[in-house]
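A.B. asks: What follows is a single structure, and I will ask about it in a moment.
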Amino acid sequence: MNVQDKKVLTMQDISCFGQCSLTVALPIISCCGIETAILPSAVLSTHTGGFSGWTFRDLTDDIPAIADHWTKEGLAFDAIYTGYLGSARQIEMVKDLFARLAAPDCVKIVDPAMADNGKLYYGFDEAYAHAMGALCGEADIALPNITEAAMMTDTPYVGTGYDESYIRALMEKVLALGTKTVVLTGVSYKAGELGIAILSKGDKEISYYTHEKLDKSCHGTGDIFASAFTGALVRGKTPLEAARVAGNFTLAAMKATAEGHWYGAQFEKAFPVLLSELEK
């Protein structure tokens with residue numbers, strides 16, 4: 001099958017303003033040349049990082065009917081990629097989507113999208129973290145950051161000063177949940193460097209892709225990375241190659257973001273970098 005004939009389904013929220021979730025995933029995966037279908041888990045007026053008074057519309061009750069219609073139409077997807085999910089109930093629905101809408105050889109990708117810097121996002125608790133761990137167990141590839149991996153596996157969170165033995169133990173615990181490959185983001189062993197660690201079941205060594213670490217942060221960079229990773233993977237890149245594509249694109253997006261543009265990363269400016277990376 002040609003890349004142009006492949007279809008990706010991504011399920012996450014729509015934050016109407018704020019450059020995250022589906023407003024990031026849809027254009028990035030489409031830019032990779034992949035037909036992209038969306039399944040919104042919720043609609044928010046903005047994302048919740050730094051805004052106040054935002055609106056929230058839960059779409060949980062709409063998801064089964066959408067899945068039923070797609071099943072009736074005989075739709076199937078070559079990759080199913082999930083990001084931010086609003087509840088444990090939605091996590092269970094994703095498991096149903098995996099069972100009903102996966103084409104042969106479908107790759108199932110889960111970005112836990114629930115925590116960072118040692119803390120859960122607003123509205124999530126320990127039970128949700130464990131439910132997300134179970135969902136990662138049904139995925140082919142899990143894309144947690146260090147906080148998410150620690151919370152899903154009941155591992156003490158270490159934000160800095162960790163060594164490779166800590167990272168390996170953490171990744172092996174995620175693999176023990178059932179996922180085939182873990183792609184751990186935000187790994188840094190030395191100042192000025194940030195990287196992605198990749199470990200699959202049966203691997204003896206961790207694979208790494210590292211790049212420059214900027215002295216800044218932007219909302220939505222996890223979504224940018226996960227979306228570019230998914231697009232590159234569906235185009236035939238290995239997990240390590242996809243991590244390179246996604247890491248370099250995310251870095252370029254952060255560099256392109258204007259000073260004072262606080263609510264997201266201006267990834268649109270970095271699309272030429274994404275296209276260039278995909279051709280390497």
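Going by the structure tokens order, chains are called A, B, ..., each with residues numbered from 1, while ligands are numbered from 1 in the order shown.
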Would you pick out the contacts of Ala246 in chain A at 9 Å or less, using only C-alpha atoms, so that residues sharing its chain but fewer than 3 positions from it are not included, and give the list as a VMD selection string?
C.D. replies: chain A and resid 224 to 232 241 to 243 249 to 251 274 277
A.B. asks: Write out the residues from the selection above, keeping N, CA and C atoms, as a JSON list (two decimals), in the first residue's frame.
C.D. replies:
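Output (selection15.json):
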[["chain", "number", "residue", "atom", "x", "y", "z"],
["A", 224, "ILE", "N", 2.98, 18.01, 19.49],
["A", 224, "ILE", "CA", 3.73, 18.18, 18.24],
["A", 224, "ILE", "C", 4.63, 16.97, 18.01],
["A", 225, "PHE", "N", 5.35, 16.57, 19.05],
["A", 225, "PHE", "CA", 6.25, 15.42, 18.91],
["A", 225, "PHE", "C", 5.47, 14.16, 18.57],
["A", 226, "ALA", "N", 4.40, 13.86, 19.32],
["A", 226, "ALA", "CA", 3.66, 12.62, 19.11],
["A", 226, "ALA", "C", 3.03, 12.58, 17.73],
["A", 227, "SER", "N", 2.55, 13.70, 17.25],
["A", 227, "SER", "CA", 1.91, 13.75, 15.93],
["A", 227, "SER", "C", 2.93, 13.54, 14.82],
["A", 228, "ALA", "N", 4.08, 14.22, 14.93],
["A", 228, "ALA", "CA", 5.12, 14.04, 13.91],
["A", 228, "ALA", "C", 5.69, 12.63, 13.96],
["A", 229, "PHE", "N", 5.83, 12.08, 15.16],
["A", 229, "PHE", "CA", 6.29, 10.70, 15.30],
["A", 229, "PHE", "C", 5.33, 9.75, 14.59],
["A", 230, "THR", "N", 4.04, 9.93, 14.81],
["A", 230, "THR", "CA", 3.04, 9.07, 14.18],
["A", 230, "THR", "C", 3.10, 9.17, 12.67],
["A", 231, "GLY", "N", 3.16, 10.39, 12.15],
["A", 231, "GLY", "CA", 3.23, 10.57, 10.71],
["A", 231, "GLY", "C", 4.46, 9.93, 10.11],
["A", 232, "ALA", "N", 5.61, 10.11, 10.76],
["A", 232, "ALA", "CA", 6.85, 9.52, 10.24],
["A", 232, "ALA", "C", 6.81, 8.00, 10.30],
["A", 241, "GLU", "N", 14.11, 6.41, 13.88],
["A", 241, "GLU", "CA", 14.07, 7.42, 12.82],
["A", 241, "GLU", "C", 12.91, 8.38, 13.02],
["A", 242, "ALA", "N", 11.76, 7.86, 13.43],
["A", 242, "ALA", "CA", 10.60, 8.71, 13.69],
["A", 242, "ALA", "C", 10.86, 9.65, 14.85],
["A", 243, "ALA", "N", 11.60, 9.17, 15.85],
["A", 243, "ALA", "CA", 11.96, 10.03, 16.99],
["A", 243, "ALA", "C", 12.87, 11.16, 16.53],
["A", 249, "PHE", "N", 11.81, 18.35, 14.43],
["A", 249, "PHE", "CA", 10.69, 19.23, 14.08],
["A", 249, "PHE", "C", 10.20, 20.00, 15.30],
["A", 250, "THR", "N", 10.08, 19.33, 16.44],
["A", 250, "THR", "CA", 9.62, 20.01, 17.65],
["A", 250, "THR", "C", 10.61, 21.09, 18.06],
["A", 251, "LEU", "N", 11.90, 20.80, 17.98],
["A", 251, "LEU", "CA", 12.92, 21.79, 18.30],
["A", 251, "LEU", "C", 12.81, 22.98, 17.36],
["A", 274, "LEU", "N", 10.02, 19.74, 8.85],
["A", 274, "LEU", "CA", 9.37, 18.42, 8.90],
["A", 274, "LEU", "C", 9.49, 17.71, 7.56],
["A", 277, "GLU", "N", 13.06, 16.56, 7.02],
["A", 277, "GLU", "CA", 13.40, 15.42, 7.87],
["A", 277, "GLU", "C", 12.78, 14.12, 7.35]]
A.B. asks: Within 8 Å of Tyr263 in chain A, counting only C-alpha atoms, which residues qualify if same-chain residues fewer than 4 places away don't, as a short mmCIF file (atom, residue, chain, number, x, y, z; two decimals) with N, CA and C atoms, in the first residue's frame?
C.D. replies:
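Below is the file part26.cif, written as the result:
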data_model
loop_
_atom_site.label_atom_id
_atom_site.label_comp_id
_atom_site.auth_asym_id
_atom_site.auth_seq_id
_atom_site.Cartn_x
_atom_site.Cartn_y
_atom_site.Cartn_z
N GLY A 18 -5.16 27.60 20.93
CA GLY A 18 -4.07 27.25 21.82
C GLY A 18 -3.04 26.29 21.27
N GLN A 19 -3.14 25.86 20.01
CA GLN A 19 -2.12 25.04 19.36
C GLN A 19 -1.73 23.79 20.17
N GLY A 49 -3.91 25.50 30.05
CA GLY A 49 -2.64 25.97 30.58
C GLY A 49 -2.47 27.47 30.44
N GLY A 50 -2.81 28.19 31.50
CA GLY A 50 -2.61 29.63 31.49
C GLY A 50 -3.85 30.44 31.17
N CYS A 218 7.28 25.43 25.80
CA CYS A 218 6.08 25.86 25.09
C CYS A 218 4.96 24.86 25.36
N HIS A 219 3.74 25.35 25.49
CA HIS A 219 2.60 24.45 25.57
C HIS A 219 2.47 23.67 24.26
#
A.B. asks: List as a list in words the protein and nucleic acid residues near Gly74 in chain A, meaning an atom at most 12 Å away when only C-alpha atoms are counted, but skip any in the same chain fewer than 5 places from it.
C.D. replies: Ala67, Asp68, His69, Arg100, Leu101, Ala102 and Ala103 of chain A
A.B. asks: Output N, CA and C atoms for every residue in that selection, as a compact mmCIF listing (two decimals), in the first residue's frame.
C.D. replies:
# COMPACT_ATOMS: atom_id res chain seq x y z
N ALA A 67 -18.34 5.37 16.39
CA ALA A 67 -17.68 4.09 16.14
C ALA A 67 -18.62 3.10 15.46
N ASP A 68 -19.87 3.10 15.87
CA ASP A 68 -20.86 2.20 15.25
C ASP A 68 -21.03 2.53 13.76
N HIS A 69 -21.12 3.83 13.47
CA HIS A 69 -21.29 4.25 12.08
C HIS A 69 -20.09 3.86 11.24
N ARG A 100 -12.21 -2.75 17.04
CA ARG A 100 -13.18 -2.68 15.95
C ARG A 100 -12.68 -1.99 14.69
N LEU A 101 -11.74 -1.07 14.82
CA LEU A 101 -11.41 -0.20 13.69
C LEU A 101 -9.98 -0.35 13.20
N ALA A 102 -9.27 -1.33 13.69
CA ALA A 102 -7.89 -1.54 13.28
C ALA A 102 -7.82 -2.37 12.00
N ALA A 103 -7.14 -1.84 10.99
CA ALA A 103 -6.87 -2.61 9.78
C ALA A 103 -5.80 -3.66 10.09
A.B. asks: Point out the residue among A:Ile28, A:Ile14, A:Ala37, A:Leu75 with the least atom-to-atom distance to Asp58 in chain A, counting only C-alpha atoms.
C.D. replies: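 Checking each candidate against Asp58 in chain A, we get A:Ile14 as the closest.
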A.B. asks: As number ranges by chain, please: every residue in range 44-164 of chain A that a backbone DSSP assignment puts in alpha helix (DSSP H).
C.D. replies: A: 63-72, 88-101, 126-136, 146-152, 164
A.B. asks: Print the selection's residues with C-alpha atoms to a file, as a tab-separated table (two decimals), in the first residue's frame.
C.D. replies:
chain	number	residue	atom	x	y	z
A	63	ILE	CA	-18.11	8.32	20.67
A	64	PRO	CA	-19.98	4.96	20.57
A	65	ALA	CA	-22.37	6.12	17.85
A	66	ILE	CA	-19.48	7.41	15.74
A	67	ALA	CA	-17.68	4.09	16.14
A	68	ASP	CA	-20.86	2.20	15.25
A	69	HIS	CA	-21.29	4.25	12.08
A	70	TRP	CA	-17.69	3.74	11.02
A	71	THR	CA	-17.98	0.01	11.64
A	72	LYS	CA	-21.15	-0.11	9.53
A	88	ALA	CA	-11.24	6.64	32.41
A	89	ARG	CA	-14.49	5.91	30.57
A	90	GLN	CA	-12.95	7.23	27.37
A	91	ILE	CA	-9.92	5.03	27.93
A	92	GLU	CA	-12.21	1.99	27.84
A	93	MET	CA	-13.75	3.29	24.62
A	94	VAL	CA	-10.31	3.48	23.02
A	95	LYS	CA	-9.83	-0.22	23.73
A	96	ASP	CA	-13.04	-0.84	21.80
A	97	LEU	CA	-11.77	1.31	18.91
A	98	PHE	CA	-8.58	-0.76	18.82
A	99	ALA	CA	-10.67	-3.92	18.52
A	100	ARG	CA	-13.18	-2.68	15.95
A	101	LEU	CA	-11.41	-0.20	13.69
A	126	GLU	CA	-3.95	8.12	40.51
A	127	ALA	CA	-6.77	5.87	39.31
A	128	TYR	CA	-6.70	7.59	35.92
A	129	ALA	CA	-2.93	7.08	35.71
A	130	HIS	CA	-3.37	3.36	36.32
A	131	ALA	CA	-6.14	3.16	33.71
A	132	MET	CA	-3.86	4.90	31.23
A	133	GLY	CA	-1.16	2.36	32.04
A	134	ALA	CA	-3.59	-0.41	31.10
A	135	LEU	CA	-4.31	1.34	27.79
A	136	CYS	CA	-0.58	1.63	27.07
A	146	ILE	CA	9.27	10.52	32.52
A	147	THR	CA	6.48	11.74	34.82
A	148	GLU	CA	3.82	9.72	32.99
A	149	ALA	CA	5.95	6.59	32.91
A	150	ALA	CA	6.61	6.88	36.64
A	151	MET	CA	2.95	7.43	37.52
A	152	MET	CA	1.70	4.57	35.35
A	164	GLU	CA	20.66	5.26	32.67
A.B. asks: Of the residues A:Leu214, A:Ile196, A:Leu233, A:Cys31, which is the one nearest to Gly247 in chain A, using only C-alpha atoms?
C.D. replies: A:Ile196
A.B. asks: Just give me the gap between CA of Glu205 in chain A and CA of Thr160 in chain A in Å, one decimal is fine.
C.D. replies: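 Interatomic distance here is 21.8 Å.
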A.B. asks: Quick one: everything within 10 Å of Arg57 in chain A, counting only C-alpha atoms, minus sequence neighbours fewer than 6 positions away in the same chain. Send it as a PDB file with N, CA and C atoms, in the first residue's frame.
C.D. replies:
ATOM      1  N   ASP A  13      -8.739  15.721  22.368  1.00  0.00           N
ATOM      2  CA  ASP A  13      -9.671  16.841  22.437  1.00  0.00           C
ATOM      3  C   ASP A  13      -9.392  17.879  21.354  1.00  0.00           C
ATOM      4  N   ILE A  14     -10.383  18.727  21.130  1.00  0.00           N
ATOM      5  CA  ILE A  14     -10.207  19.940  20.341  1.00  0.00           C
ATOM      6  C   ILE A  14     -10.153  21.118  21.316  1.00  0.00           C
ATOM      7  N   SER A  41     -12.574  13.970  21.626  1.00  0.00           N
ATOM      8  CA  SER A  41     -13.004  13.486  22.933  1.00  0.00           C
ATOM      9  C   SER A  41     -13.734  14.567  23.725  1.00  0.00           C
ATOM     10  N   ALA A  42     -13.461  15.823  23.389  1.00  0.00           N
ATOM     11  CA  ALA A  42     -14.087  16.963  24.051  1.00  0.00           C
ATOM     12  C   ALA A  42     -13.786  18.204  23.221  1.00  0.00           C
ATOM     13  N   VAL A  43     -14.556  19.253  23.454  1.00  0.00           N
ATOM     14  CA  VAL A  43     -14.291  20.547  22.816  1.00  0.00           C
ATOM     15  C   VAL A  43     -14.125  21.593  23.913  1.00  0.00           C
ATOM     16  N   LEU A  44     -12.985  22.274  23.887  1.00  0.00           N
ATOM     17  CA  LEU A  44     -12.710  23.341  24.844  1.00  0.00           C
ATOM     18  C   LEU A  44     -12.496  24.640  24.075  1.00  0.00           C
ATOM     19  N   SER A  45     -12.857  25.745  24.680  1.00  0.00           N
ATOM     20  CA  SER A  45     -12.647  27.033  24.028  1.00  0.00           C
ATOM     21  C   SER A  45     -11.160  27.330  23.884  1.00  0.00           C
TER      22      SER A  45
END
A.B. asks: Would you list the contacts of Ala191 in chain A as a ChimeraX atom specification, taking every protein, DNA or RNA residue within 12 Å and counting only C-alpha atoms, but skipping same-chain residues closer than 4 positions in sequence?
C.D. replies: /A:160-161,187,195,210-215
A.B. asks: Please measure the separation of CA of Asp163 in chain A and CA of Tyr189 in chain A, giving the value in Å to one decimal.
C.D. replies: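 Calculated distance between CA of Asp163 in chain A and CA of Tyr189 in chain A is 6.8 Å.
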A.B. asks: Rank nothing, just name the residue among A:Leu175, A:Tyr157, A:Lys6, A:Phe17 nearest to Lys119 in chain A, using only C-alpha atoms.
C.D. replies: A:Tyr157
A.B. asks: Range 49-204 of chain A: which residues are strand (DSSP E) by DSSP, as number ranges by chain?
C.D. replies: A: 56-58, 77-82, 102-110, 115-116, 119-120, 141-142, 181-187, 193-200
A.B. asks: Just checking: using only C-alpha atoms, which residue out of A:Ile34, A:Ile109, A:Cys20, A:Ala142 ends up closest to Thr46 in chain A?
C.D. replies: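 Smallest distance to Thr46 in chain A is found for A:Cys20.
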A.B. asks: Go through A:Thr23, A:Ser188, A:Ser87, A:Thr82 one by one, measure the shortest atom-to-atom distance of each to Leu143 in chain A using only C-alpha atoms, and give the residue with the smallest value.
C.D. replies: A:Thr82
A.B. asks: Hey, what's within 10 Å of Asp116 in chain A if we count only C-alpha atoms and toss same-chain stuff fewer than 2 positions away? As a ChimeraX atom specification, please?
C.D. replies: /A:113-114,118-121,144-148,159,186,222
A.B. asks: Grab the residues selected above and save them as a short mmCIF file (atom, residue, chain, number, x, y, z; two decimals), in the first residue's frame with C-alpha atoms.
C.D. replies:
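New file again.cif:
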data_model
loop_
_atom_site.label_atom_id
_atom_site.label_comp_id
_atom_site.auth_asym_id
_atom_site.auth_seq_id
_atom_site.Cartn_x
_atom_site.Cartn_y
_atom_site.Cartn_z
CA ALA A 113 -0.85 13.07 27.82
CA MET A 114 -1.73 13.37 31.50
CA GLY A 118 6.12 15.40 38.48
CA LYS A 119 2.45 16.46 38.50
CA LEU A 120 -0.79 15.24 36.95
CA TYR A 121 -2.77 17.61 34.77
CA PRO A 144 5.19 8.76 27.82
CA ASN A 145 7.39 11.41 29.34
CA ILE A 146 9.27 10.52 32.52
CA THR A 147 6.48 11.74 34.82
CA GLU A 148 3.82 9.72 32.99
CA GLY A 159 13.14 14.86 37.71
CA GLY A 186 12.39 14.34 27.97
CA GLY A 222 4.30 16.86 23.47
#
A.B. asks: Which residue is closest to Gly202 in chain A? Choose from A:Ala176, A:Ala115, A:Ile29, A:Leu9 and count only C-alpha atoms.
C.D. replies: A:Ala176
A.B. asks: Calculate how many Å separate CA of Gly33 in chain A from CA of Lys269 in chain A, rounding to one decimal.
C.D. replies: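 We find that CA of Gly33 in chain A and CA of Lys269 in chain A lie 17.4 Å from each other.
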